[in-house]
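File shown: input-v7.txt. Contents: compact mmCIF, C-alpha atoms.
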# COMPACT_ATOMS: atom_id res chain seq x y z
CA MET U 1 70.40 138.48 -5.34
CA GLN U 2 71.26 141.07 -2.74
CA SER U 3 69.81 138.87 -0.01
CA ASP U 4 71.99 135.91 -1.09
CA ALA U 5 75.19 137.99 -0.98
CA ALA U 6 74.67 139.20 2.57
CA PRO U 7 74.41 135.71 4.17
CA GLN U 8 77.35 134.52 2.11
CA ALA U 9 79.45 137.50 3.20
CA ARG U 10 78.46 136.96 6.85
CA ARG U 11 79.35 133.26 6.59
CA ARG U 12 82.71 134.15 5.03
CA ALA U 13 83.40 136.68 7.81
CA ARG U 14 82.51 134.13 10.52
CA THR U 15 84.78 131.56 8.83
CA ALA U 16 87.60 134.10 8.65
CA GLU U 17 87.18 134.84 12.35
CA ARG U 18 87.27 131.12 13.20
CA LEU U 19 90.38 130.71 11.05
CA ARG U 20 92.16 133.62 12.79
CA GLU U 21 91.34 132.17 16.22
CA ALA U 22 92.49 128.72 15.09
CA LEU U 23 95.69 130.22 13.69
CA ALA U 24 96.39 131.95 16.99
CA ARG U 25 95.84 128.69 18.91
CA LEU U 26 97.99 126.77 16.43
CA LEU U 27 100.85 129.24 16.76
CA ARG U 28 100.61 129.32 20.56
CA ASP U 29 100.66 125.53 20.76
CA GLY U 30 104.09 125.14 19.16
CA SER U 31 103.98 121.35 19.23
CA ARG U 32 102.21 121.13 15.86
CA ARG U 33 103.54 122.45 12.58
CA PRO U 34 101.43 125.35 11.30
CA THR U 35 100.15 124.03 7.96
CA VAL U 36 96.99 124.68 6.03
CA ALA U 37 95.75 121.19 6.89
CA ALA U 38 96.38 121.73 10.61
CA LEU U 39 94.67 125.14 10.43
CA ALA U 40 91.65 123.62 8.65
CA ARG U 41 91.35 120.87 11.27
CA GLU U 42 91.69 123.34 14.12
CA ALA U 43 89.02 125.65 12.68
CA GLY U 44 86.74 122.87 11.44
CA VAL U 45 86.86 124.21 7.89
CA GLY U 46 87.76 122.52 4.61
CA ARG U 47 91.12 123.29 3.07
CA ASN U 48 89.48 124.21 -0.21
CA ALA U 49 87.54 126.98 1.52
CA ILE U 50 90.79 128.41 2.87
CA TYR U 51 92.52 128.29 -0.52
CA ALA U 52 89.49 129.65 -2.41
CA ASN U 53 88.18 132.37 -0.09
CA HIS U 54 90.72 133.33 2.57
CA ASN U 55 93.94 134.54 0.97
CA THR U 56 94.62 136.94 3.84
CA ILE U 57 94.58 134.03 6.29
CA LEU U 58 96.95 132.12 4.00
CA ASP U 59 99.29 135.13 3.97
CA GLU U 60 99.18 135.35 7.76
CA LEU U 61 99.96 131.64 7.97
CA ARG U 62 102.89 131.99 5.55
CA HIS U 63 104.30 134.96 7.49
CA ALA U 64 103.94 133.09 10.79
CA VAL U 65 105.71 130.06 9.33
CA ALA U 66 108.47 132.29 7.95
CA ARG U 67 108.94 134.02 11.33
CA ARG U 68 108.91 130.69 13.12
CA GLY U 69 111.43 129.31 10.63
CA THR U 70 113.87 132.15 11.24
CA ASP U 71 113.47 131.77 15.01
CA SER U 72 114.02 128.02 14.85
CA GLN U 73 116.90 128.62 12.43
CA ARG U 74 118.52 130.95 14.96
CA GLU U 75 117.97 128.40 17.72
CA SER U 76 119.38 125.58 15.62
CA ASP U 77 122.36 127.78 14.66
CA ALA U 78 122.96 128.51 18.35
CA ASP U 79 122.64 124.81 19.20
CA ARG U 80 125.01 123.93 16.39
CA GLY U 81 127.46 126.58 17.64
CA LEU U 82 127.38 125.11 21.15
CA GLU U 83 127.85 121.61 19.76
CA HIS U 84 130.76 122.76 17.59
CA ARG U 85 132.45 124.45 20.56
CA ARG U 86 132.03 121.28 22.62
CA VAL U 87 133.53 119.15 19.84
CA ILE U 88 136.42 121.62 19.41
CA ALA U 89 137.19 121.48 23.14
CA GLU U 90 137.07 117.68 23.08
CA LEU U 91 139.37 117.54 20.05
CA LYS U 92 141.84 119.96 21.68
CA ASN U 93 141.91 117.72 24.75
CA GLN U 94 142.56 114.68 22.54
CA LEU U 95 145.32 116.60 20.76
CA ARG U 96 147.01 117.37 24.10
CA GLN U 97 146.79 113.71 25.11
CA LEU U 98 148.23 112.57 21.78
CA ALA U 99 151.07 115.10 22.05
CA THR U 100 151.88 113.77 25.53
CA GLN U 101 151.85 110.17 24.29
CA ASN U 102 153.99 111.15 21.31
CA ALA U 103 156.58 112.80 23.58
CA ALA U 104 156.67 109.73 25.82
CA LEU U 105 157.15 107.41 22.83
CA LEU U 106 159.89 109.65 21.44
CA LYS U 107 161.72 109.56 24.79
CA ARG U 108 161.45 105.76 24.90
CA ALA U 109 162.82 105.51 21.34
CA LEU U 110 165.76 107.83 22.10
CA ASP U 111 166.53 105.90 25.30
CA ALA U 112 166.42 102.60 23.39
CA GLU U 113 168.77 103.95 20.70
CA ALA U 114 171.21 105.19 23.34
CA LYS U 115 171.10 101.83 25.11
CA ALA U 116 171.67 99.99 21.82
CA THR U 117 174.67 102.23 21.10
CA ARG U 118 176.11 101.52 24.57
CA LEU U 119 175.54 97.77 24.13
CA ASP U 120 177.26 97.82 20.73
CA ARG U 121 180.25 99.62 22.24
CA ALA U 122 180.31 97.17 25.18
CA ALA U 123 180.25 94.22 22.76
CA GLN U 124 183.10 95.74 20.78
CA LEU U 125 185.16 96.25 23.94
CA THR U 126 184.44 92.70 25.04
CA ARG U 127 185.71 91.38 21.68
CA GLU U 128 188.87 93.48 21.99
CA ILE U 129 189.51 92.17 25.51
CA ASP U 130 188.97 88.59 24.32
CA ASP U 131 191.43 89.19 21.49
CA MET U 132 194.01 90.55 23.96
CA ARG U 133 193.66 87.57 26.30
CA ARG U 134 194.22 84.97 23.61
CA PRO U 135 197.64 83.48 23.69
CA ILE U 136 199.90 84.57 20.91
CA PRO U 137 202.24 81.90 19.62
CA LEU U 138 205.79 83.03 19.69
CA ARG U 139 208.08 82.20 16.78
CA LEU U 140 211.66 81.82 17.33
CA THR U 141 213.82 82.56 14.47
CA GLU U 142 216.81 80.22 13.98
CA ALA U 143 220.19 81.69 14.26
CA THR U 144 222.46 80.69 11.57

Go ahead and render the structure in this file as structure tokens.
Amino acid sequence: MQSDAAPQARRRARTAERLREALARLLRDGSRRPTVAALAREAGVGRNAIYANHNTILDELRHAVARRGTDSQRESDADRGLEHRRVIAELKNQLRQLATQNAALLKRALDAEAKATRLDRAAQLTREIDDMRRPIPLRLTEAT
């Protein structure tokens, strides 16, 4: 039985070494997600062998994924921050434009009201002048 254990242990050690090398390549690549399936394909090993015999490799993979997740989370947070600042600047610019348009419309409305008031007064004066120009019939009272 001793002779069977030694080849099995050597095979497990060689597989572990292949898995570590594959994990290093997988993490360097960056274009592929580091999963157990990707690691198994890269190393040429079955997934069951990884789950059954190589818990340390699984832990290394989990830690690498966790580190990568926090790095990508920081990058995505930074990207989101840049995008938010860009949107805020664009919205501030739109706000300035809308304030300018609002001021212009308010000026036009005030000018129109003033003109309407002047036209009403002019119409009233015109009516008064017309009333003054109309002939007034004179009545003579009879002397008794």

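The space between CA of Ala24 in chain U and CA of Tyr51 in chain U spans 18.3 Å.
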
Could you please determine the separation between CA of Leu61 in chain U and CA of Thr15 in chain U in Å, to one decimal place? 15.2 Å

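The residue set within 12 Å of Glu60 in chain U, counting only C-alpha atoms and dropping same-chain residues fewer than 3 places from it, reads Ala16, Leu19, Arg20, Glu21, Ala22, Leu23, Ala24, Leu27, Pro34, Thr35, Val36, Leu39, Ile50, His54, Asn55, Thr56, Ile57, His63, Ala64, Val65, Ala66 and Arg67 of chain U.
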
Å distance separating CA of Ala104 in chain U from CA of Ala122 in chain U, one decimal place: 26.8 Å

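Among U:Arg11, U:Gly30, U:His84, U:Ala78, the residue with the shortest atom-to-atom distance to Val45 in chain U, counting all atoms listed in the file, is U:Arg11.
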